[in-house]
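Participant: Contents of work21.cif (mmCIF, C-alpha atoms) are given next:
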data_final
loop_
_atom_site.group_PDB
_atom_site.id
_atom_site.type_symbol
_atom_site.label_atom_id
_atom_site.label_comp_id
_atom_site.auth_asym_id
_atom_site.auth_seq_id
_atom_site.Cartn_x
_atom_site.Cartn_y
_atom_site.Cartn_z
ATOM 1 C CA MET A 1 145.983 270.688 144.200
ATOM 2 C CA VAL A 2 146.598 269.148 147.609
ATOM 3 C CA LYS A 3 148.369 272.317 148.710
ATOM 4 C CA ARG A 4 145.333 274.434 147.751
ATOM 5 C CA ASN A 5 142.990 272.279 149.797
ATOM 6 C CA ILE A 6 145.256 272.495 152.849
ATOM 7 C CA ASN A 7 145.230 276.264 152.520
ATOM 8 C CA GLU A 8 141.435 276.315 152.274
ATOM 9 C CA TRP A 9 140.943 274.280 155.431
ATOM 10 C CA LYS A 10 143.289 276.548 157.335
ATOM 11 C CA ARG A 11 141.108 279.455 156.227
ATOM 12 C CA HIS A 12 137.927 277.563 157.109
ATOM 13 C CA ARG A 13 139.268 276.957 160.613
ATOM 14 C CA VAL A 14 139.803 280.704 161.037
ATOM 15 C CA GLN A 15 136.303 281.385 159.659
ATOM 16 C CA ALA A 16 134.776 278.793 162.004
ATOM 17 C CA LEU A 17 136.685 280.105 165.008
ATOM 18 C CA TRP A 18 135.590 283.670 164.289
ATOM 19 C CA THR A 19 131.987 282.558 163.752
ATOM 20 C CA LEU A 20 131.996 280.735 167.098
ATOM 21 C CA LEU A 21 133.647 283.645 168.863
ATOM 22 C CA THR A 22 131.183 286.241 167.557
ATOM 23 C CA ASN A 23 128.212 283.936 168.187
ATOM 24 C CA SER A 24 129.296 282.667 171.568
ATOM 25 C CA TYR A 25 126.185 283.570 173.574
ATOM 26 C CA LEU A 26 125.198 279.927 173.923
ATOM 27 C CA THR A 27 122.436 280.674 176.436
ATOM 28 C CA GLY A 28 120.584 282.330 173.573
ATOM 29 C CA PHE A 29 120.413 279.057 171.677
ATOM 30 C CA LEU A 30 119.163 277.231 174.740
ATOM 31 C CA GLN A 31 116.512 279.761 175.751
ATOM 32 C CA GLY A 32 115.497 281.204 172.371
ATOM 33 C CA LYS A 33 116.643 284.676 173.371
ATOM 34 C CA ILE A 34 119.260 287.096 172.088
ATOM 35 C CA TYR A 35 122.223 288.698 173.851
ATOM 36 C CA ARG A 36 121.365 292.149 175.246
ATOM 37 C CA GLY A 37 124.729 293.258 176.650
ATOM 38 C CA ASN A 38 126.883 296.272 175.881
ATOM 39 C CA LEU A 39 128.907 294.487 173.185
ATOM 40 C CA LYS A 40 125.883 294.845 170.928
ATOM 41 C CA LYS A 41 126.862 298.500 170.502
ATOM 42 C CA ILE A 42 129.814 297.331 168.452
ATOM 43 C CA CYS A 43 129.486 296.265 164.829
ATOM 44 C CA LEU A 44 130.947 292.972 163.675
ATOM 45 C CA PRO A 45 132.867 293.120 160.385
ATOM 46 C CA GLY A 46 130.982 290.290 158.649
ATOM 47 C CA LEU A 47 127.340 289.660 157.760
ATOM 48 C CA ASN A 48 126.162 288.355 161.126
ATOM 49 C CA CYS A 49 122.508 288.894 162.008
ATOM 50 C CA TYR A 50 122.119 290.584 165.397
ATOM 51 C CA SER A 51 118.994 288.554 165.951
ATOM 52 C CA CYS A 52 121.014 285.346 165.898
ATOM 53 C CA PRO A 53 120.609 283.931 169.429
ATOM 54 C CA GLY A 54 124.376 283.630 169.772
ATOM 55 C CA ALA A 55 125.423 286.980 168.285
ATOM 56 C CA ILE A 56 127.400 289.194 170.626
ATOM 57 C CA GLY A 57 127.734 292.140 168.229
ATOM 58 C CA ALA A 58 125.705 294.106 165.691
ATOM 59 C CA CYS A 59 125.393 293.373 161.973
ATOM 60 C CA PRO A 60 126.870 296.381 160.119
ATOM 61 C CA ILE A 61 124.279 296.265 157.334
ATOM 62 C CA GLY A 62 121.374 296.015 159.778
ATOM 63 C CA ALA A 63 122.925 298.752 161.919
ATOM 64 C CA MET A 64 123.356 301.027 158.912
ATOM 65 C CA GLN A 65 119.696 300.640 157.938
ATOM 66 C CA ALA A 66 118.625 301.199 161.546
ATOM 67 C CA VAL A 67 120.467 304.544 161.739
ATOM 68 C CA ILE A 68 119.519 305.716 158.235
ATOM 69 C CA GLY A 69 115.912 304.713 158.880
ATOM 70 C CA SER A 70 115.680 306.427 162.259
ATOM 71 C CA TRP A 71 113.690 309.644 162.412
ATOM 72 C CA ASN A 72 116.557 311.780 163.751
ATOM 73 C CA PHE A 73 119.525 310.584 161.657
ATOM 74 C CA LYS A 74 119.747 310.323 157.907
ATOM 75 C CA PHE A 75 123.385 309.312 157.614
ATOM 76 C CA ALA A 76 125.139 306.598 159.579
ATOM 77 C CA PHE A 77 128.571 308.076 160.356
ATOM 78 C CA TYR A 78 129.336 305.436 162.979
ATOM 79 C CA VAL A 79 128.643 302.412 160.784
ATOM 80 C CA ALA A 80 129.943 303.988 157.551
ATOM 81 C CA GLY A 81 133.134 305.014 159.372
ATOM 82 C CA PHE A 82 133.541 301.497 160.761
ATOM 83 C CA LEU A 83 133.139 299.955 157.305
ATOM 84 C CA MET A 84 135.512 302.528 155.789
ATOM 85 C CA PHE A 85 138.106 301.711 158.423
ATOM 86 C CA VAL A 86 137.844 297.945 157.989
ATOM 87 C CA GLY A 87 137.718 298.251 154.186
ATOM 88 C CA ALA A 88 140.652 300.670 154.009
ATOM 89 C CA VAL A 89 142.811 298.371 156.116
ATOM 90 C CA THR A 90 141.873 294.978 154.684
ATOM 91 C CA GLY A 91 139.627 295.354 151.597
ATOM 92 C CA ARG A 92 137.465 292.239 151.210
ATOM 93 C CA PHE A 93 139.609 290.172 153.568
ATOM 94 C CA VAL A 94 136.561 290.028 155.858
ATOM 95 C CA CYS A 95 134.557 288.277 153.097
ATOM 96 C CA GLY A 96 137.168 285.577 152.741
ATOM 97 C CA TRP A 97 138.113 285.042 156.355
ATOM 98 C CA LEU A 98 135.636 286.511 158.845
ATOM 99 C CA CYS A 99 132.114 286.321 157.410
ATOM 100 C CA PRO A 100 129.899 283.561 158.868
ATOM 101 C CA PHE A 101 127.659 283.499 155.810
ATOM 102 C CA GLY A 102 130.734 283.253 153.587
ATOM 103 C CA LEU A 103 131.826 280.191 155.571
ATOM 104 C CA ILE A 104 128.418 278.563 155.117
ATOM 105 C CA GLN A 105 128.583 279.092 151.341
ATOM 106 C CA ASP A 106 132.187 277.823 151.246
ATOM 107 C CA LEU A 107 131.149 274.611 152.983
ATOM 108 C CA LEU A 108 128.044 274.174 150.827
ATOM 109 C CA HIS A 109 130.191 274.425 147.709
ATOM 110 C CA LYS A 110 132.333 271.537 148.958
ATOM 111 C CA ILE A 111 129.345 269.189 148.749
ATOM 112 C CA PRO A 112 129.715 267.088 145.587
ATOM 113 C CA PHE A 113 127.391 268.175 142.779
ATOM 114 C CA PRO A 114 127.188 266.744 139.238
ATOM 115 C CA LYS A 115 128.372 269.964 137.600
ATOM 116 C CA LYS A 116 129.994 272.954 139.280
ATOM 117 C CA ILE A 117 129.546 276.164 137.303
ATOM 118 C CA THR A 118 132.469 278.590 137.299
ATOM 119 C CA THR A 119 130.971 281.189 134.989
ATOM 120 C CA PHE A 120 127.960 281.664 132.724
ATOM 121 C CA PRO A 121 126.645 284.269 130.273
ATOM 122 C CA GLY A 122 125.621 287.294 132.310
ATOM 123 C CA ASP A 123 127.909 286.465 135.249
ATOM 124 C CA LYS A 124 129.922 289.694 134.999
ATOM 125 C CA PRO A 125 126.940 292.106 134.682
ATOM 126 C CA LEU A 126 125.082 290.235 137.426
ATOM 127 C CA ARG A 127 127.932 291.003 139.826
ATOM 128 C CA LYS A 128 126.948 294.676 139.637
ATOM 129 C CA LEU A 129 123.614 293.742 141.216
ATOM 130 C CA LYS A 130 125.112 293.892 144.717
ATOM 131 C CA TYR A 131 125.804 297.621 144.240
ATOM 132 C CA VAL A 132 122.164 298.154 143.233
ATOM 133 C CA VAL A 133 121.049 296.209 146.332
ATOM 134 C CA LEU A 134 123.336 298.355 148.494
ATOM 135 C CA VAL A 135 122.133 301.681 147.137
ATOM 136 C CA LEU A 136 118.459 300.767 146.867
ATOM 137 C CA PHE A 137 117.681 298.480 149.796
ATOM 138 C CA VAL A 138 120.282 299.578 152.358
ATOM 139 C CA ILE A 139 120.396 303.333 151.716
ATOM 140 C CA LEU A 140 117.595 304.835 149.607
ATOM 141 C CA LEU A 141 114.552 302.851 150.741
ATOM 142 C CA PRO A 142 115.232 303.148 154.509
ATOM 143 C CA MET A 143 115.965 306.848 153.947
ATOM 144 C CA PHE A 144 112.947 307.799 151.874
ATOM 145 C CA LEU A 145 110.280 305.105 152.217
ATOM 146 C CA VAL A 146 109.285 306.018 155.755
ATOM 147 C CA ASP A 147 106.210 305.760 157.965
ATOM 148 C CA ILE A 148 104.312 308.698 159.471
ATOM 149 C CA LEU A 149 106.939 308.969 162.220
ATOM 150 C CA GLY A 150 109.682 309.334 159.616
ATOM 151 C CA GLN A 151 111.118 305.881 160.304
ATOM 152 C CA GLY A 152 112.243 303.584 157.512
ATOM 153 C CA ALA A 153 112.317 299.798 157.750
ATOM 154 C CA PRO A 154 115.491 297.741 157.205
ATOM 155 C CA TYR A 155 114.386 296.754 153.713
ATOM 156 C CA PHE A 156 117.404 294.593 152.891
ATOM 157 C CA CYS A 157 116.983 292.585 156.109
ATOM 158 C CA LYS A 158 113.244 292.410 155.654
ATOM 159 C CA PHE A 159 112.984 291.283 152.055
ATOM 160 C CA ILE A 160 116.352 289.851 151.009
ATOM 161 C CA CYS A 161 118.869 288.789 153.661
ATOM 162 C CA PRO A 162 119.075 284.961 153.819
ATOM 163 C CA ALA A 163 121.682 285.223 156.603
ATOM 164 C CA GLY A 164 119.035 286.725 158.878
ATOM 165 C CA THR A 165 116.698 283.840 158.119
ATOM 166 C CA LEU A 166 119.343 281.202 158.750
ATOM 167 C CA GLU A 167 121.018 282.755 161.781
ATOM 168 C CA GLY A 168 118.015 284.457 163.384
ATOM 169 C CA GLY A 169 114.700 283.451 161.826
ATOM 170 C CA LEU A 170 115.011 279.666 161.902
ATOM 171 C CA PRO A 171 116.482 279.238 165.424
ATOM 172 C CA LEU A 172 114.243 281.857 167.051
ATOM 173 C CA VAL A 173 111.052 280.530 165.505
ATOM 174 C CA LEU A 174 112.031 276.954 166.372
ATOM 175 C CA LEU A 175 112.803 277.906 169.971
ATOM 176 C CA ASN A 176 109.813 280.223 170.579
ATOM 177 C CA LYS A 177 106.354 278.719 170.300
ATOM 178 C CA SER A 178 104.831 282.200 170.636
ATOM 179 C CA MET A 179 106.348 283.137 167.284
ATOM 180 C CA HIS A 180 104.732 280.247 165.413
ATOM 181 C CA SER A 181 101.432 282.083 165.108
ATOM 182 C CA ALA A 182 103.160 285.172 163.681
ATOM 183 C CA ILE A 183 104.626 283.328 160.710
ATOM 184 C CA GLY A 184 103.273 284.613 157.412
ATOM 185 C CA TRP A 185 104.106 285.168 153.761
ATOM 186 C CA LEU A 186 107.253 287.156 154.601
ATOM 187 C CA TYR A 187 108.711 284.270 156.586
ATOM 188 C CA ALA A 188 107.879 281.906 153.740
ATOM 189 C CA TRP A 189 109.449 284.294 151.193
ATOM 190 C CA LYS A 190 112.636 284.631 153.218
ATOM 191 C CA ASN A 191 112.908 280.893 153.694
ATOM 192 C CA LEU A 192 112.442 280.438 149.959
ATOM 193 C CA LEU A 193 115.326 282.868 149.329
ATOM 194 C CA LEU A 194 117.468 280.984 151.821
ATOM 195 C CA PHE A 195 116.603 277.674 150.165
ATOM 196 C CA VAL A 196 117.452 279.048 146.707
ATOM 197 C CA THR A 197 120.747 280.471 148.034
ATOM 198 C CA ILE A 198 121.664 277.102 149.535
ATOM 199 C CA ILE A 199 120.845 275.196 146.343
ATOM 200 C CA ILE A 200 122.745 277.630 144.103
ATOM 201 C CA SER A 201 125.718 277.532 146.492
ATOM 202 C CA LEU A 202 126.069 273.836 145.721
ATOM 203 C CA PHE A 203 127.088 274.515 142.118
ATOM 204 C CA ILE A 204 128.154 278.188 142.048
ATOM 205 C CA TYR A 205 130.836 279.404 144.429
ATOM 206 C CA ARG A 206 129.475 282.013 146.886
ATOM 207 C CA PRO A 207 126.504 283.259 144.813
ATOM 208 C CA PHE A 208 125.280 285.563 147.574
ATOM 209 C CA CYS A 209 128.717 287.213 147.898
ATOM 210 C CA LYS A 210 129.107 287.556 144.132
ATOM 211 C CA TYR A 211 125.691 288.943 143.254
ATOM 212 C CA ILE A 212 123.749 290.184 146.276
ATOM 213 C CA CYS A 213 125.814 291.054 149.358
ATOM 214 C CA PRO A 214 125.806 294.808 150.077
ATOM 215 C CA LEU A 215 128.568 294.372 152.651
ATOM 216 C CA GLY A 216 130.831 292.803 150.023
ATOM 217 C CA ALA A 217 129.894 295.680 147.707
ATOM 218 C CA ILE A 218 131.088 298.217 150.299
ATOM 219 C CA TYR A 219 134.343 296.422 151.084
ATOM 220 C CA SER A 220 135.035 295.812 147.385
ATOM 221 C CA VAL A 221 135.492 299.498 146.583
ATOM 222 C CA PHE A 222 138.367 299.590 149.079
ATOM 223 C CA ASN A 223 140.185 296.593 147.551
ATOM 224 C CA PRO A 224 142.395 298.707 145.242
ATOM 225 C CA VAL A 225 143.441 301.130 147.997
ATOM 226 C CA SER A 226 143.504 299.001 151.147
ATOM 227 C CA VAL A 227 146.652 298.961 153.254
ATOM 228 C CA PHE A 228 146.919 295.179 153.134
ATOM 229 C CA ARG A 229 146.535 294.005 149.551
ATOM 230 C CA TYR A 230 148.159 291.751 147.026
ATOM 231 C CA ARG A 231 151.120 292.845 145.002
ATOM 232 C CA VAL A 232 152.321 290.973 141.921
ATOM 233 C CA ASP A 233 156.036 290.985 141.207
ATOM 234 C CA LYS A 234 155.974 291.468 137.439
ATOM 235 C CA ASN A 235 159.625 290.419 137.218
ATOM 236 C CA LYS A 236 158.813 287.020 138.680
ATOM 237 C CA CYS A 237 155.395 286.480 137.061
ATOM 238 C CA THR A 238 155.533 284.118 134.101
ATOM 239 C CA ASP A 239 151.871 284.611 133.109
ATOM 240 C CA CYS A 240 151.274 280.885 133.533
ATOM 241 C CA GLY A 241 147.660 281.474 134.568
ATOM 242 C CA ALA A 242 147.839 279.250 137.671
ATOM 243 C CA CYS A 243 146.535 282.063 139.910
ATOM 244 C CA ALA A 244 143.526 282.762 137.686
ATOM 245 C CA LYS A 245 142.754 279.043 137.538
ATOM 246 C CA ALA A 246 142.874 278.773 141.336
ATOM 247 C CA CYS A 247 140.562 281.752 141.927
ATOM 248 C CA LYS A 248 136.977 280.725 142.631
ATOM 249 C CA MET A 249 135.799 284.325 142.310
ATOM 250 C CA GLN A 250 137.040 284.301 138.689
ATOM 251 C CA VAL A 251 139.654 287.027 139.227
ATOM 252 C CA ASN A 252 142.888 287.073 137.245
ATOM 253 C CA PRO A 253 145.436 288.338 139.789
ATOM 254 C CA ALA A 254 148.156 288.648 137.141
ATOM 255 C CA GLU A 255 146.029 291.310 135.449
ATOM 256 C CA ASN A 256 144.553 292.936 138.548
ATOM 257 C CA ALA A 257 145.558 291.539 141.912
ATOM 258 C CA ASN A 258 143.117 293.813 143.731
ATOM 259 C CA ASP A 259 140.035 293.297 141.616
ATOM 260 C CA LEU A 260 136.757 294.308 143.285
ATOM 261 C CA GLU A 261 135.747 290.634 143.363
ATOM 262 C CA CYS A 262 138.864 289.420 145.208
ATOM 263 C CA ILE A 263 137.970 288.160 148.693
ATOM 264 C CA ARG A 264 141.624 287.750 149.764
ATOM 265 C CA CYS A 265 141.240 284.013 150.282
ATOM 266 C CA GLY A 266 144.880 283.449 149.338
ATOM 267 C CA ALA A 267 144.270 280.647 146.816
ATOM 268 C CA CYS A 268 146.169 282.542 144.108
ATOM 269 C CA LYS A 269 149.159 283.086 146.388
ATOM 270 C CA LYS A 270 149.359 279.379 147.145
ATOM 271 C CA ALA A 271 148.889 278.432 143.500
ATOM 272 C CA CYS A 272 151.656 280.681 142.175
ATOM 273 C CA PRO A 273 154.626 278.422 141.291
ATOM 274 C CA VAL A 274 157.146 281.291 141.376
ATOM 275 C CA LYS A 275 155.791 283.093 144.463
ATOM 276 C CA ALA A 276 155.137 286.273 142.489
ATOM 277 C CA ILE A 277 152.094 287.251 144.555
ATOM 278 C CA ARG A 278 152.787 288.829 147.926
ATOM 279 C CA MET B 1 146.540 310.033 140.486
ATOM 280 C CA SER B 2 146.512 306.229 140.076
ATOM 281 C CA ARG B 3 149.958 306.099 141.752
ATOM 282 C CA LEU B 4 148.494 307.968 144.734
ATOM 283 C CA PHE B 5 145.756 305.361 145.092
ATOM 284 C CA ARG B 6 148.296 302.540 144.810
ATOM 285 C CA SER B 7 150.372 303.815 147.718
ATOM 286 C CA PRO B 8 149.551 302.514 151.210
ATOM 287 C CA SER B 9 149.126 306.104 152.379
ATOM 288 C CA ALA B 10 145.774 306.319 150.548
ATOM 289 C CA GLY B 11 144.467 303.374 152.564
ATOM 290 C CA ILE B 12 145.832 304.846 155.786
ATOM 291 C CA CYS B 13 144.171 308.221 155.057
ATOM 292 C CA ILE B 14 140.815 306.552 154.375
ATOM 293 C CA ALA B 15 141.175 304.447 157.527
ATOM 294 C CA VAL B 16 141.806 307.609 159.572
ATOM 295 C CA ILE B 17 138.789 309.310 157.967
ATOM 296 C CA GLY B 18 136.786 306.206 158.868
ATOM 297 C CA LEU B 19 137.878 306.450 162.492
ATOM 298 C CA LEU B 20 136.979 310.149 162.578
ATOM 299 C CA MET B 21 133.558 309.355 161.119
ATOM 300 C CA MET B 22 133.052 306.665 163.754
ATOM 301 C CA GLY B 23 133.920 309.241 166.408
ATOM 302 C CA LEU B 24 131.442 311.716 164.931
ATOM 303 C CA GLY B 25 128.745 309.057 164.790
ATOM 304 C CA ILE B 26 129.324 308.079 168.416
ATOM 305 C CA TYR B 27 129.279 311.764 169.398
ATOM 306 C CA ARG B 28 125.944 312.231 167.597
ATOM 307 C CA GLY B 29 124.482 309.304 169.510
ATOM 308 C CA GLU B 30 124.199 306.837 166.641
ATOM 309 C CA MET B 31 125.592 304.043 168.781
ATOM 310 C CA ALA B 32 122.459 304.198 170.921
ATOM 311 C CA ILE B 33 120.299 303.560 167.848
ATOM 312 C CA VAL B 34 122.481 300.588 166.883
ATOM 313 C CA PHE B 35 122.332 299.244 170.437
ATOM 314 C CA GLU B 36 118.562 299.670 170.679
ATOM 315 C CA LYS B 37 118.067 297.817 167.413
ATOM 316 C CA ALA B 38 120.580 295.074 168.217
ATOM 317 C CA ILE B 39 119.320 294.118 171.683
ATOM 318 C CA ASN B 40 115.742 293.604 170.563
ATOM 319 C CA ILE B 41 114.744 290.795 168.241
ATOM 320 C CA CYS B 42 114.525 292.360 164.793
ATOM 321 C CA MET B 43 111.211 291.015 163.509
ATOM 322 C CA GLU B 44 111.902 292.225 159.977
ATOM 323 C CA CYS B 45 115.309 290.505 159.939
ATOM 324 C CA ILE B 46 113.869 287.151 160.901
ATOM 325 C CA GLY B 47 110.950 287.469 158.498
ATOM 326 C CA ILE B 48 108.080 288.096 160.898
ATOM 327 C CA GLY B 49 107.790 291.883 161.105
#
Starting from the file, lay out its structure as C-alpha cells.
Facilitator:
Amino acid sequence: MVKRNINEWKRHRVQALWTLLTNSYLTGFLQGKIYRGNLKKICLPGLNCYSCPGAIGACPIGAMQAVIGSWNFKFAFYVAGFLMFVGAVTGRFVCGWLCPFGLIQDLLHKIPFPKKITTFPGDKPLRKLKYVVLVLFVILLPMFLVDILGQGAPYFCKFICPAGTLEGGLPLVLLNKSMHSAIGWLYAWKNLLLFVTIIISLFIYRPFCKYICPLGAIYSVFNPVSVFRYRVDKNKCTDCGACAKACKMQVNPAENANDLECIRCGACKKACPVKAIR
Amino acid sequence: MSRLFRSPSAGICIAVIGLLMMGLGIYRGEMAIVFEKAINICMECIGIG
C-alpha cells in the first residue's frame, strides 16, 4: 500500500512539473492576458485550454474544432496527425502523466470523502459517452452546424469543457473587469459543470476522463497498438488479482493489459508481486 | 490480424502516418488556423462567447 502511494506521488510530481512547464507564461496570470507567441502553433498533448493565461501551447481538442469549423478546411490533418502520433507511441500515457486536468482530478480524489465509489450500475456503458462527445461535439457539430460564413463553433469547448472554465474562464474573468459585464447564462452553465465535476471527483476517480473526455477517447483507441504498452508475462502471472485491485480505472491488466480505459499510471506494475507486468 | 496489431510495427506505422498527416496539415496551412485561434482569447472556451 505504501509502495503504491510512493509511486503515485512520483507520477504527480511529473504531472505538476509538466503542468507548470506548459503553463509557464506567468505574466499572463499577472496581467490577465494570454501568451501570443509562436509556440501557440504547437499543440500540447493534454487537455490544456489555450485561453489559460499561462498556456504556451494549443489545446488539441480546441485546435481540432477550430480547423474543422473553419470555412476553408473540413478535416484537421495537422491536429489529427499529432494525436495519431502521440497515441501510436504512448497510448493513454498522456492521460496518466501529462494532462493538467487529469492531475487536478487525481488531487481532488485524494481529499477524504465518506464513501469513495469504485463502480456503479451503468459505469461501463457510461464510459462509451466520451466517444459520443468526441464524434458529436468535436467533429460533427463544428463541421455541419455552421453560420452563414460556413464557420462552426467549438461546441465542446463552448458547452462542455470544464477545463476551459477552470484554466481560462475563472482566471481571465477574475483578472479582467471588462469581462464582468459579459458574463451570462453560458458562463453560469460552464461553472456549474465545473462544480459538478469537482464534487464528483471527490468520490469517483477521474469522472471526466472516464465518461466525457474526447481527448482520452482518441488516445484510448491507440492503447492496444501503441509502441509503448504493457505486456503481461503469462508464465509469471499467478492471477492473484493485485493489479486489478490497484487499478483506479477498473481495468484488469491480467485479462487485458492495454484496455481502452488504461491511463498507463503504472499502479498495476507496482502492485504486481511477481513483476509480471512490463 | 490480431498478431499484426500486437506487434510494435503497427504502432510505428500509425505514428509515421500521423507524422505525414501533420506534414500535410502544415502544408495546407492548418497551423495558421490553430495559431489564430490560440493567440486570441477564446470566448466560447471560457464561457462568454
Participant: Which residues of chain B are close to chain A, meaning at most 7 Å apart when you count only C-alpha atoms, and how do they look as a ChimeraX atom specification?
Facilitator: /B:5-6,8,10-12,14-15,18-19,21-26,30-31,33-35,37-39,41-42,44-48
Participant: What does the distance between atom CA of Arg206 of chain A and atom CA of Ile139 of chain A come to in Å, to one decimal place?
Facilitator: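 Atom-to-atom, atom CA of Arg206 of chain A to atom CA of Ile139 of chain A, that is 23.7 Å.
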Participant: If you count only C-alpha atoms, which residues fall within 8 Å of Gln151 of chain A, apart from same-chain ones fewer than 3 positions away, as a compact mmCIF listing (two decimals) with C-alpha atoms, in the coordinates of the input?
Facilitator:
# COMPACT_ATOMS: atom_id res chain seq x y z
CA GLY A 69 115.91 304.71 158.88
CA SER A 70 115.68 306.43 162.26
CA TRP A 71 113.69 309.64 162.41
CA PRO A 142 115.23 303.15 154.51
CA VAL A 146 109.28 306.02 155.76
CA ASP A 147 106.21 305.76 157.96
CA ILE A 148 104.31 308.70 159.47
Participant: Using all atoms listed in the file, can you list as a ChimeraX atom specification the residues within 12 Å of (142.1, 283.1, 138.9)?
Facilitator: /A:118-119,239-259,261-272
Participant: Measure the distance from atom CA of Val232 of chain A to atom CA of Ser9 of chain B in Å and round it to one decimal.
Facilitator: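 These atoms are spaced 18.7 Å apart.
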Participant: Quick one, how far is atom CA of Gly96 of chain A from atom CA of Lys130 of chain A?
Facilitator: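 Taking atom CA of Gly96 of chain A as the start and atom CA of Lys130 of chain A as the end point, the length is 16.7 Å.
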